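Some notes on the structure that comes next.
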Amino acid sequence: MNSIWRALPFAGPEKPLVTVIEMTGVIGEIGAGRKGLTLKKLEKPIADAFKPKGVKAVVLAINSPGGSPVQSRLIFSAVRREAKEKDVPVLAFIEDAGASGGYILALAGDEIYADESSIVGSIGVISGGFGFHEAIGRLGVERRVYTAGENKSQLDPFQPEDPEDVARLKDMLNELHQQFIALVKERRGDKLSEDETLFSGRFWSGAMAVEKGLVDGTAQFGDFLRDRFGKDVKIKRISQEKGSLLKLLFSGGAQSPSESPALVDAEELAAAGERRALWARIGL
């Protein structure tokens, strides 16, 4: 019946379909509203993007400075699992940024593209915090901590740094870094350049990332899809957030560098500062 319908003069041939998953914001649950990109939020959109029969490709529209390495890998794995099961190609397009965990999301693409001015890379791992032990001393505050397990209070910001604690943290960061490097090499293979700084944590413009082999070219997905699949290509965006306006205000959504919290309390203010710091680290 469908074939007969498409054959009618007024119906015409079926237009090629490409679905788009928007991945915008810091990766991980941050703040009281649990804002950010997580597998929990993206699992259904990912499944929905691969669901339509005959879909020509799934696009990942990425704009992220990074965040949780675990959530980055979970989202990456979910995309690759669906792509393999449905045998559908994945095209990743980096907008403002695909850095650190944001670049892990891009690695889920069989091909990766960026704008010439996009920020790409930052293949490294970072851990940061503050030390308050001198401050509480000046305030006359006594710190009382009781533990079972000699390392349970390691890296306590209210105590002086212990060199052994720092060494253990660096070992863990180095392990995570090697996992990141292995994933990049697995997905990009011989496309990568021999640049010694490739895995140093540096980031580059989209144009320079092409030279490094981190992306396959510079392009914007609308023009790219029309060139590849024809001017009649149907582009369907898969929504992450559904529900009432009140629900969206309280639950939060993806954040770009210019967005600020709709409802501000102490926890959300701190979370907004953390998000702002992640974007600022790559100059956005």
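Simple scheme: letters A, B, ... for chains in structure tokens order, numbers from 1 for residues in each chain, numbers from 1 for ligands in the order shown.
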
Going by DSSP on the backbone, which bits of range 15-235 of chain A are alpha helix (DSSP H)? Write them as a PDB file with N, CA and C atoms, in the first residue's frame, please.
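Saved result, out_5.pdb, follows:
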```
ATOM      1  N   LEU A  39      23.462   9.784  30.500  1.00  0.00           N
ATOM      2  CA  LEU A  39      22.848   8.678  29.767  1.00  0.00           C
ATOM      3  C   LEU A  39      21.359   8.605  30.077  1.00  0.00           C
ATOM      4  N   LYS A  40      20.988   8.862  31.322  1.00  0.00           N
ATOM      5  CA  LYS A  40      19.578   8.805  31.708  1.00  0.00           C
ATOM      6  C   LYS A  40      18.738   9.745  30.851  1.00  0.00           C
ATOM      7  N   LYS A  41      19.250  10.944  30.571  1.00  0.00           N
ATOM      8  CA  LYS A  41      18.505  11.915  29.776  1.00  0.00           C
ATOM      9  C   LYS A  41      18.567  11.620  28.284  1.00  0.00           C
ATOM     10  N   LEU A  42      19.650  11.007  27.845  1.00  0.00           N
ATOM     11  CA  LEU A  42      19.857  10.827  26.413  1.00  0.00           C
ATOM     12  C   LEU A  42      19.508   9.428  25.897  1.00  0.00           C
ATOM     13  N   GLU A  43      19.286   8.486  26.799  1.00  0.00           N
ATOM     14  CA  GLU A  43      19.037   7.109  26.373  1.00  0.00           C
ATOM     15  C   GLU A  43      17.835   7.006  25.435  1.00  0.00           C
ATOM     16  N   LYS A  44      16.724   7.637  25.799  1.00  0.00           N
ATOM     17  CA  LYS A  44      15.529   7.573  24.953  1.00  0.00           C
ATOM     18  C   LYS A  44      15.718   8.353  23.651  1.00  0.00           C
ATOM     19  N   PRO A  45      16.239   9.601  23.692  1.00  0.00           N
ATOM     20  CA  PRO A  45      16.488  10.288  22.416  1.00  0.00           C
ATOM     21  C   PRO A  45      17.403   9.504  21.479  1.00  0.00           C
ATOM     22  N   ILE A  46      18.411   8.831  22.034  1.00  0.00           N
ATOM     23  CA  ILE A  46      19.304   8.032  21.192  1.00  0.00           C
ATOM     24  C   ILE A  46      18.526   6.899  20.533  1.00  0.00           C
ATOM     25  N   ALA A  47      17.729   6.182  21.326  1.00  0.00           N
ATOM     26  CA  ALA A  47      16.930   5.080  20.769  1.00  0.00           C
ATOM     27  C   ALA A  47      15.945   5.598  19.723  1.00  0.00           C
ATOM     28  N   ASP A  48      15.304   6.745  19.998  1.00  0.00           N
ATOM     29  CA  ASP A  48      14.329   7.315  19.065  1.00  0.00           C
ATOM     30  C   ASP A  48      14.987   7.736  17.753  1.00  0.00           C
ATOM     31  N   ALA A  49      16.227   8.209  17.824  1.00  0.00           N
ATOM     32  CA  ALA A  49      16.918   8.671  16.620  1.00  0.00           C
ATOM     33  C   ALA A  49      17.196   7.530  15.659  1.00  0.00           C
ATOM     34  N   PHE A  50      17.445   6.341  16.193  1.00  0.00           N
ATOM     35  CA  PHE A  50      17.757   5.187  15.351  1.00  0.00           C
ATOM     36  C   PHE A  50      16.509   4.381  14.970  1.00  0.00           C
ATOM     37  N   PRO A  69      33.748  11.959  32.956  1.00  0.00           N
ATOM     38  CA  PRO A  69      34.269  10.972  32.012  1.00  0.00           C
ATOM     39  C   PRO A  69      33.395   9.718  31.935  1.00  0.00           C
ATOM     40  N   VAL A  70      32.761   9.360  33.046  1.00  0.00           N
ATOM     41  CA  VAL A  70      31.908   8.166  33.061  1.00  0.00           C
ATOM     42  C   VAL A  70      30.679   8.380  32.185  1.00  0.00           C
ATOM     43  N   GLN A  71      29.982   9.500  32.379  1.00  0.00           N
ATOM     44  CA  GLN A  71      28.794   9.768  31.568  1.00  0.00           C
ATOM     45  C   GLN A  71      29.158   9.931  30.095  1.00  0.00           C
ATOM     46  N   SER A  72      30.326  10.503  29.828  1.00  0.00           N
ATOM     47  CA  SER A  72      30.784  10.650  28.441  1.00  0.00           C
ATOM     48  C   SER A  72      30.901   9.288  27.776  1.00  0.00           C
ATOM     49  N   ARG A  73      31.520   8.342  28.479  1.00  0.00           N
ATOM     50  CA  ARG A  73      31.697   7.004  27.916  1.00  0.00           C
ATOM     51  C   ARG A  73      30.374   6.257  27.809  1.00  0.00           C
ATOM     52  N   LEU A  74      29.489   6.431  28.798  1.00  0.00           N
ATOM     53  CA  LEU A  74      28.188   5.762  28.750  1.00  0.00           C
ATOM     54  C   LEU A  74      27.380   6.222  27.539  1.00  0.00           C
ATOM     55  N   ILE A  75      27.376   7.530  27.298  1.00  0.00           N
ATOM     56  CA  ILE A  75      26.640   8.074  26.154  1.00  0.00           C
ATOM     57  C   ILE A  75      27.277   7.594  24.847  1.00  0.00           C
ATOM     58  N   PHE A  76      28.611   7.650  24.790  1.00  0.00           N
ATOM     59  CA  PHE A  76      29.347   7.148  23.626  1.00  0.00           C
ATOM     60  C   PHE A  76      28.953   5.699  23.326  1.00  0.00           C
ATOM     61  N   SER A  77      28.971   4.847  24.352  1.00  0.00           N
ATOM     62  CA  SER A  77      28.675   3.426  24.176  1.00  0.00           C
ATOM     63  C   SER A  77      27.237   3.203  23.719  1.00  0.00           C
ATOM     64  N   ALA A  78      26.301   4.009  24.246  1.00  0.00           N
ATOM     65  CA  ALA A  78      24.898   3.866  23.854  1.00  0.00           C
ATOM     66  C   ALA A  78      24.712   4.177  22.372  1.00  0.00           C
ATOM     67  N   VAL A  79      25.378   5.213  21.899  1.00  0.00           N
ATOM     68  CA  VAL A  79      25.280   5.576  20.482  1.00  0.00           C
ATOM     69  C   VAL A  79      25.880   4.476  19.607  1.00  0.00           C
ATOM     70  N   ARG A  80      27.076   3.998  19.990  1.00  0.00           N
ATOM     71  CA  ARG A  80      27.735   2.976  19.168  1.00  0.00           C
ATOM     72  C   ARG A  80      26.944   1.668  19.162  1.00  0.00           C
ATOM     73  N   ARG A  81      26.320   1.331  20.276  1.00  0.00           N
ATOM     74  CA  ARG A  81      25.526   0.102  20.345  1.00  0.00           C
ATOM     75  C   ARG A  81      24.338   0.174  19.382  1.00  0.00           C
ATOM     76  N   GLU A  82      23.632   1.309  19.382  1.00  0.00           N
ATOM     77  CA  GLU A  82      22.489   1.468  18.479  1.00  0.00           C
ATOM     78  C   GLU A  82      22.951   1.486  17.019  1.00  0.00           C
ATOM     79  N   ALA A  83      24.067   2.147  16.759  1.00  0.00           N
ATOM     80  CA  ALA A  83      24.574   2.242  15.386  1.00  0.00           C
ATOM     81  C   ALA A  83      24.918   0.860  14.840  1.00  0.00           C
ATOM     82  N   LYS A  84      25.504   0.031  15.686  1.00  0.00           N
ATOM     83  CA  LYS A  84      25.870  -1.318  15.264  1.00  0.00           C
ATOM     84  C   LYS A  84      24.633  -2.190  15.060  1.00  0.00           C
ATOM     85  N   GLU A  85      23.685  -2.109  16.000  1.00  0.00           N
ATOM     86  CA  GLU A  85      22.484  -2.947  15.908  1.00  0.00           C
ATOM     87  C   GLU A  85      21.622  -2.571  14.709  1.00  0.00           C
ATOM     88  N   LYS A  86      21.499  -1.262  14.441  1.00  0.00           N
ATOM     89  CA  LYS A  86      20.612  -0.802  13.360  1.00  0.00           C
ATOM     90  C   LYS A  86      21.362  -0.623  12.042  1.00  0.00           C
ATOM     91  N   GLY A 101      35.419  15.595  27.515  1.00  0.00           N
ATOM     92  CA  GLY A 101      34.311  14.663  27.373  1.00  0.00           C
ATOM     93  C   GLY A 101      33.436  14.962  26.174  1.00  0.00           C
ATOM     94  N   GLY A 102      33.380  16.235  25.769  1.00  0.00           N
ATOM     95  CA  GLY A 102      32.634  16.595  24.564  1.00  0.00           C
ATOM     96  C   GLY A 102      33.236  15.966  23.325  1.00  0.00           C
ATOM     97  N   TYR A 103      34.560  15.785  23.328  1.00  0.00           N
ATOM     98  CA  TYR A 103      35.201  15.121  22.190  1.00  0.00           C
ATOM     99  C   TYR A 103      34.946  13.613  22.242  1.00  0.00           C
ATOM    100  N   ILE A 104      34.806  13.053  23.447  1.00  0.00           N
ATOM    101  CA  ILE A 104      34.429  11.637  23.553  1.00  0.00           C
ATOM    102  C   ILE A 104      33.064  11.411  22.895  1.00  0.00           C
ATOM    103  N   LEU A 105      32.134  12.347  23.098  1.00  0.00           N
ATOM    104  CA  LEU A 105      30.835  12.237  22.430  1.00  0.00           C
ATOM    105  C   LEU A 105      31.022  12.240  20.915  1.00  0.00           C
ATOM    106  N   ALA A 106      31.901  13.111  20.423  1.00  0.00           N
ATOM    107  CA  ALA A 106      32.135  13.193  18.982  1.00  0.00           C
ATOM    108  C   ALA A 106      32.730  11.904  18.430  1.00  0.00           C
ATOM    109  N   HIS A 133      42.519  24.834  54.981  1.00  0.00           N
ATOM    110  CA  HIS A 133      43.019  24.542  56.322  1.00  0.00           C
ATOM    111  C   HIS A 133      43.566  25.791  57.025  1.00  0.00           C
ATOM    112  N   GLU A 134      44.194  26.704  56.283  1.00  0.00           N
ATOM    113  CA  GLU A 134      44.688  27.932  56.903  1.00  0.00           C
ATOM    114  C   GLU A 134      43.540  28.873  57.233  1.00  0.00           C
ATOM    115  N   ALA A 135      42.521  28.904  56.396  1.00  0.00           N
ATOM    116  CA  ALA A 135      41.379  29.790  56.626  1.00  0.00           C
ATOM    117  C   ALA A 135      40.641  29.430  57.907  1.00  0.00           C
ATOM    118  N   ILE A 136      40.387  28.122  58.113  1.00  0.00           N
ATOM    119  CA  ILE A 136      39.641  27.752  59.320  1.00  0.00           C
ATOM    120  C   ILE A 136      40.501  27.972  60.567  1.00  0.00           C
ATOM    121  N   GLY A 137      41.833  27.910  60.416  1.00  0.00           N
ATOM    122  CA  GLY A 137      42.713  28.204  61.542  1.00  0.00           C
ATOM    123  C   GLY A 137      42.599  29.664  61.964  1.00  0.00           C
ATOM    124  N   ARG A 138      42.554  30.559  60.984  1.00  0.00           N
ATOM    125  CA  ARG A 138      42.419  31.990  61.291  1.00  0.00           C
ATOM    126  C   ARG A 138      41.057  32.299  61.910  1.00  0.00           C
ATOM    127  N   PRO A 163      51.345  14.415  50.466  1.00  0.00           N
ATOM    128  CA  PRO A 163      51.979  14.024  49.194  1.00  0.00           C
ATOM    129  C   PRO A 163      51.564  12.640  48.715  1.00  0.00           C
ATOM    130  N   GLU A 164      51.316  11.709  49.627  1.00  0.00           N
ATOM    131  CA  GLU A 164      50.899  10.368  49.210  1.00  0.00           C
ATOM    132  C   GLU A 164      49.504  10.407  48.593  1.00  0.00           C
ATOM    133  N   ASP A 165      48.620  11.236  49.157  1.00  0.00           N
ATOM    134  CA  ASP A 165      47.277  11.366  48.590  1.00  0.00           C
ATOM    135  C   ASP A 165      47.349  11.946  47.176  1.00  0.00           C
ATOM    136  N   VAL A 166      48.177  12.951  47.015  1.00  0.00           N
ATOM    137  CA  VAL A 166      48.337  13.595  45.704  1.00  0.00           C
ATOM    138  C   VAL A 166      48.890  12.598  44.692  1.00  0.00           C
ATOM    139  N   ALA A 167      49.848  11.798  45.103  1.00  0.00           N
ATOM    140  CA  ALA A 167      50.445  10.799  44.202  1.00  0.00           C
ATOM    141  C   ALA A 167      49.402   9.776  43.757  1.00  0.00           C
ATOM    142  N   ARG A 168      48.552   9.337  44.703  1.00  0.00           N
ATOM    143  CA  ARG A 168      47.508   8.369  44.334  1.00  0.00           C
ATOM    144  C   ARG A 168      46.517   8.988  43.355  1.00  0.00           C
ATOM    145  N   LEU A 169      46.167  10.254  43.583  1.00  0.00           N
ATOM    146  CA  LEU A 169      45.242  10.942  42.679  1.00  0.00           C
ATOM    147  C   LEU A 169      45.847  11.043  41.277  1.00  0.00           C
ATOM    148  N   LYS A 170      47.114  11.402  41.202  1.00  0.00           N
ATOM    149  CA  LYS A 170      47.766  11.529  39.902  1.00  0.00           C
ATOM    150  C   LYS A 170      47.834  10.186  39.175  1.00  0.00           C
ATOM    151  N   ASP A 171      48.040   9.110  39.915  1.00  0.00           N
ATOM    152  CA  ASP A 171      48.040   7.777  39.302  1.00  0.00           C
ATOM    153  C   ASP A 171      46.680   7.481  38.668  1.00  0.00           C
ATOM    154  N   MET A 172      45.625   7.823  39.390  1.00  0.00           N
ATOM    155  CA  MET A 172      44.280   7.586  38.865  1.00  0.00           C
ATOM    156  C   MET A 172      44.019   8.449  37.639  1.00  0.00           C
ATOM    157  N   LEU A 173      44.425   9.726  37.683  1.00  0.00           N
ATOM    158  CA  LEU A 173      44.236  10.614  36.540  1.00  0.00           C
ATOM    159  C   LEU A 173      45.003  10.109  35.323  1.00  0.00           C
ATOM    160  N   ASN A 174      46.215   9.606  35.556  1.00  0.00           N
ATOM    161  CA  ASN A 174      47.006   9.062  34.449  1.00  0.00           C
ATOM    162  C   ASN A 174      46.333   7.839  33.832  1.00  0.00           C
ATOM    163  N   GLU A 175      45.715   7.010  34.678  1.00  0.00           N
ATOM    164  CA  GLU A 175      45.002   5.836  34.166  1.00  0.00           C
ATOM    165  C   GLU A 175      43.825   6.256  33.294  1.00  0.00           C
ATOM    166  N   LEU A 176      43.046   7.248  33.768  1.00  0.00           N
ATOM    167  CA  LEU A 176      41.913   7.742  32.995  1.00  0.00           C
ATOM    168  C   LEU A 176      42.384   8.370  31.687  1.00  0.00           C
ATOM    169  N   HIS A 177      43.523   9.055  31.746  1.00  0.00           N
ATOM    170  CA  HIS A 177      44.081   9.680  30.544  1.00  0.00           C
ATOM    171  C   HIS A 177      44.436   8.618  29.504  1.00  0.00           C
ATOM    172  N   GLN A 178      45.042   7.530  29.954  1.00  0.00           N
ATOM    173  CA  GLN A 178      45.414   6.448  29.030  1.00  0.00           C
ATOM    174  C   GLN A 178      44.171   5.810  28.411  1.00  0.00           C
ATOM    175  N   GLN A 179      43.090   5.697  29.182  1.00  0.00           N
ATOM    176  CA  GLN A 179      41.841   5.173  28.632  1.00  0.00           C
ATOM    177  C   GLN A 179      41.305   6.102  27.539  1.00  0.00           C
ATOM    178  N   PHE A 180      41.387   7.401  27.785  1.00  0.00           N
ATOM    179  CA  PHE A 180      40.945   8.407  26.820  1.00  0.00           C
ATOM    180  C   PHE A 180      41.777   8.296  25.537  1.00  0.00           C
ATOM    181  N   ILE A 181      43.083   8.241  25.691  1.00  0.00           N
ATOM    182  CA  ILE A 181      43.984   8.138  24.538  1.00  0.00           C
ATOM    183  C   ILE A 181      43.685   6.881  23.725  1.00  0.00           C
ATOM    184  N   ALA A 182      43.473   5.756  24.420  1.00  0.00           N
ATOM    185  CA  ALA A 182      43.185   4.495  23.735  1.00  0.00           C
ATOM    186  C   ALA A 182      41.904   4.594  22.915  1.00  0.00           C
ATOM    187  N   LEU A 183      40.887   5.276  23.460  1.00  0.00           N
ATOM    188  CA  LEU A 183      39.624   5.421  22.742  1.00  0.00           C
ATOM    189  C   LEU A 183      39.814   6.278  21.489  1.00  0.00           C
ATOM    190  N   VAL A 184      40.576   7.366  21.614  1.00  0.00           N
ATOM    191  CA  VAL A 184      40.832   8.232  20.456  1.00  0.00           C
ATOM    192  C   VAL A 184      41.553   7.446  19.364  1.00  0.00           C
ATOM    193  N   LYS A 185      42.572   6.676  19.748  1.00  0.00           N
ATOM    194  CA  LYS A 185      43.322   5.895  18.767  1.00  0.00           C
ATOM    195  C   LYS A 185      42.451   4.812  18.129  1.00  0.00           C
ATOM    196  N   GLU A 186      41.582   4.202  18.936  1.00  0.00           N
ATOM    197  CA  GLU A 186      40.690   3.169  18.412  1.00  0.00           C
ATOM    198  C   GLU A 186      39.737   3.736  17.366  1.00  0.00           C
ATOM    199  N   ARG A 187      39.195   4.923  17.625  1.00  0.00           N
ATOM    200  CA  ARG A 187      38.175   5.496  16.753  1.00  0.00           C
ATOM    201  C   ARG A 187      38.756   6.270  15.568  1.00  0.00           C
ATOM    202  N   ARG A 188      39.938   6.893  15.767  1.00  0.00           N
ATOM    203  CA  ARG A 188      40.499   7.733  14.704  1.00  0.00           C
ATOM    204  C   ARG A 188      41.617   7.045  13.930  1.00  0.00           C
ATOM    205  N   GLY A 206      38.707  24.307  14.902  1.00  0.00           N
ATOM    206  CA  GLY A 206      38.258  23.244  14.020  1.00  0.00           C
ATOM    207  C   GLY A 206      39.165  23.078  12.810  1.00  0.00           C
ATOM    208  N   ALA A 207      39.629  24.201  12.258  1.00  0.00           N
ATOM    209  CA  ALA A 207      40.509  24.139  11.093  1.00  0.00           C
ATOM    210  C   ALA A 207      41.812  23.414  11.426  1.00  0.00           C
ATOM    211  N   MET A 208      42.384  23.705  12.601  1.00  0.00           N
ATOM    212  CA  MET A 208      43.620  23.044  13.009  1.00  0.00           C
ATOM    213  C   MET A 208      43.361  21.583  13.367  1.00  0.00           C
ATOM    214  N   ALA A 209      42.169  21.301  13.892  1.00  0.00           N
ATOM    215  CA  ALA A 209      41.829  19.922  14.270  1.00  0.00           C
ATOM    216  C   ALA A 209      41.786  19.005  13.050  1.00  0.00           C
ATOM    217  N   VAL A 210      41.479  19.575  11.885  1.00  0.00           N
ATOM    218  CA  VAL A 210      41.520  18.775  10.655  1.00  0.00           C
ATOM    219  C   VAL A 210      42.946  18.316  10.392  1.00  0.00           C
ATOM    220  N   GLU A 211      43.910  19.226  10.561  1.00  0.00           N
ATOM    221  CA  GLU A 211      45.323  18.903  10.345  1.00  0.00           C
ATOM    222  C   GLU A 211      45.806  17.851  11.346  1.00  0.00           C
ATOM    223  N   LYS A 212      45.274  17.900  12.567  1.00  0.00           N
ATOM    224  CA  LYS A 212      45.677  16.937  13.599  1.00  0.00           C
ATOM    225  C   LYS A 212      45.017  15.571  13.410  1.00  0.00           C
ATOM    226  N   PHE A 221      26.184  21.082   9.618  1.00  0.00           N
ATOM    227  CA  PHE A 221      25.476  19.869   9.233  1.00  0.00           C
ATOM    228  C   PHE A 221      24.318  20.089   8.265  1.00  0.00           C
ATOM    229  N   GLY A 222      23.652  21.242   8.301  1.00  0.00           N
ATOM    230  CA  GLY A 222      22.551  21.479   7.371  1.00  0.00           C
ATOM    231  C   GLY A 222      23.015  21.426   5.923  1.00  0.00           C
ATOM    232  N   ASP A 223      24.046  22.205   5.618  1.00  0.00           N
ATOM    233  CA  ASP A 223      24.598  22.223   4.256  1.00  0.00           C
ATOM    234  C   ASP A 223      25.193  20.865   3.887  1.00  0.00           C
ATOM    235  N   PHE A 224      25.888  20.260   4.869  1.00  0.00           N
ATOM    236  CA  PHE A 224      26.537  18.974   4.627  1.00  0.00           C
ATOM    237  C   PHE A 224      25.501  17.912   4.254  1.00  0.00           C
ATOM    238  N   LEU A 225      24.409  17.851   5.003  1.00  0.00           N
ATOM    239  CA  LEU A 225      23.392  16.827   4.753  1.00  0.00           C
ATOM    240  C   LEU A 225      22.702  17.029   3.416  1.00  0.00           C
ATOM    241  N   ARG A 226      22.468  18.283   3.027  1.00  0.00           N
ATOM    242  CA  ARG A 226      21.849  18.538   1.724  1.00  0.00           C
ATOM    243  C   ARG A 226      22.786  18.135   0.583  1.00  0.00           C
ATOM    244  N   ASP A 227      24.094  18.360   0.782  1.00  0.00           N
ATOM    245  CA  ASP A 227      25.055  17.952  -0.235  1.00  0.00           C
ATOM    246  C   ASP A 227      25.137  16.429  -0.363  1.00  0.00           C
ATOM    247  N   ARG A 228      25.089  15.734   0.786  1.00  0.00           N
ATOM    248  CA  ARG A 228      25.257  14.283   0.761  1.00  0.00           C
ATOM    249  C   ARG A 228      23.976  13.545   0.390  1.00  0.00           C
ATOM    250  N   PHE A 229      22.833  13.987   0.914  1.00  0.00           N
ATOM    251  CA  PHE A 229      21.592  13.237   0.732  1.00  0.00           C
ATOM    252  C   PHE A 229      20.589  13.919  -0.195  1.00  0.00           C
TER     253      PHE A 229
END
```

*Name all residues at most 6 Å from range 116-127 of chain A (count only C-alpha atoms; drop same-chain ones fewer than 3 positions away) and give them as number ranges by chain.*
A: 95-100, 177, 199, 201-207, 218

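With only C-alpha atoms as the atoms that count, the minimum distance from Gly28 in chain A to the choices A:Gln240, A:Pro157, A:Lys152, A:Gly66 is reached by A:Gly66.
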
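The gap separating CA of Ile21 in chain A from CA of Lys53 in chain A is 16.8 Å, in Å to one decimal.
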
*asked:* DSSP on the backbone: which residues in range 5-253 of chain A end up as strand (DSSP E)? Give the answer as number ranges by chain.
replied: A: 17-24, 57-64, 90-99, 111-114, 119-121, 203-205, 217-218, 234-238

Output of the above residues as an mmCIF file, in the first residue's frame, restricted to C-alpha atoms:
```cif
data_model
loop_
_atom_site.group_PDB
_atom_site.id
_atom_site.type_symbol
_atom_site.label_atom_id
_atom_site.label_comp_id
_atom_site.auth_asym_id
_atom_site.auth_seq_id
_atom_site.Cartn_x
_atom_site.Cartn_y
_atom_site.Cartn_z
ATOM 1 C CA LEU A 17 15.412 11.074 6.548
ATOM 2 C CA VAL A 18 18.219 12.100 8.895
ATOM 3 C CA THR A 19 17.647 12.410 12.647
ATOM 4 C CA VAL A 20 19.528 14.821 14.913
ATOM 5 C CA ILE A 21 20.349 14.415 18.616
ATOM 6 C CA GLU A 22 21.354 17.679 20.292
ATOM 7 C CA MET A 23 24.088 17.232 22.911
ATOM 8 C CA THR A 24 24.547 20.669 24.435
ATOM 9 C CA ALA A 57 22.051 8.697 9.185
ATOM 10 C CA VAL A 58 21.982 9.924 12.774
ATOM 11 C CA VAL A 59 23.608 13.278 13.496
ATOM 12 C CA LEU A 60 25.132 14.218 16.848
ATOM 13 C CA ALA A 61 25.022 18.016 17.207
ATOM 14 C CA ILE A 62 27.635 18.543 19.921
ATOM 15 C CA ASN A 63 28.357 21.658 21.954
ATOM 16 C CA SER A 64 30.098 20.650 25.189
ATOM 17 C CA VAL A 90 26.604 8.328 12.715
ATOM 18 C CA LEU A 91 27.815 11.808 11.783
ATOM 19 C CA ALA A 92 29.146 14.044 14.566
ATOM 20 C CA PHE A 93 29.135 17.819 14.161
ATOM 21 C CA ILE A 94 30.921 19.990 16.719
ATOM 22 C CA GLU A 95 29.475 23.472 17.186
ATOM 23 C CA ASP A 96 31.148 25.862 19.675
ATOM 24 C CA ALA A 97 33.039 23.099 21.453
ATOM 25 C CA GLY A 98 33.761 19.411 21.469
ATOM 26 C CA ALA A 99 36.403 19.365 24.188
ATOM 27 C CA GLU A 111 32.772 10.826 10.729
ATOM 28 C CA ILE A 112 33.459 14.007 12.706
ATOM 29 C CA TYR A 113 33.073 17.567 11.411
ATOM 30 C CA ALA A 114 33.456 20.967 13.046
ATOM 31 C CA ILE A 119 37.143 24.376 19.936
ATOM 32 C CA VAL A 120 38.254 20.738 19.575
ATOM 33 C CA GLY A 121 40.445 18.430 21.645
ATOM 34 C CA PHE A 203 42.794 22.209 22.234
ATOM 35 C CA TRP A 204 42.635 23.630 18.734
ATOM 36 C CA SER A 205 40.322 25.410 16.325
ATOM 37 C CA GLY A 217 36.667 18.280 7.848
ATOM 38 C CA THR A 218 34.971 21.587 8.509
ATOM 39 C CA LYS A 234 14.249 15.625 5.809
ATOM 40 C CA ILE A 235 16.027 16.617 9.034
ATOM 41 C CA LYS A 236 14.217 15.551 12.199
ATOM 42 C CA ARG A 237 15.438 16.808 15.565
ATOM 43 C CA ILE A 238 14.942 14.495 18.525
#
```

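With CA of Glu29 in chain A on one side and CA of Gly128 in chain A on the other, the separation reads 17.3 Å.
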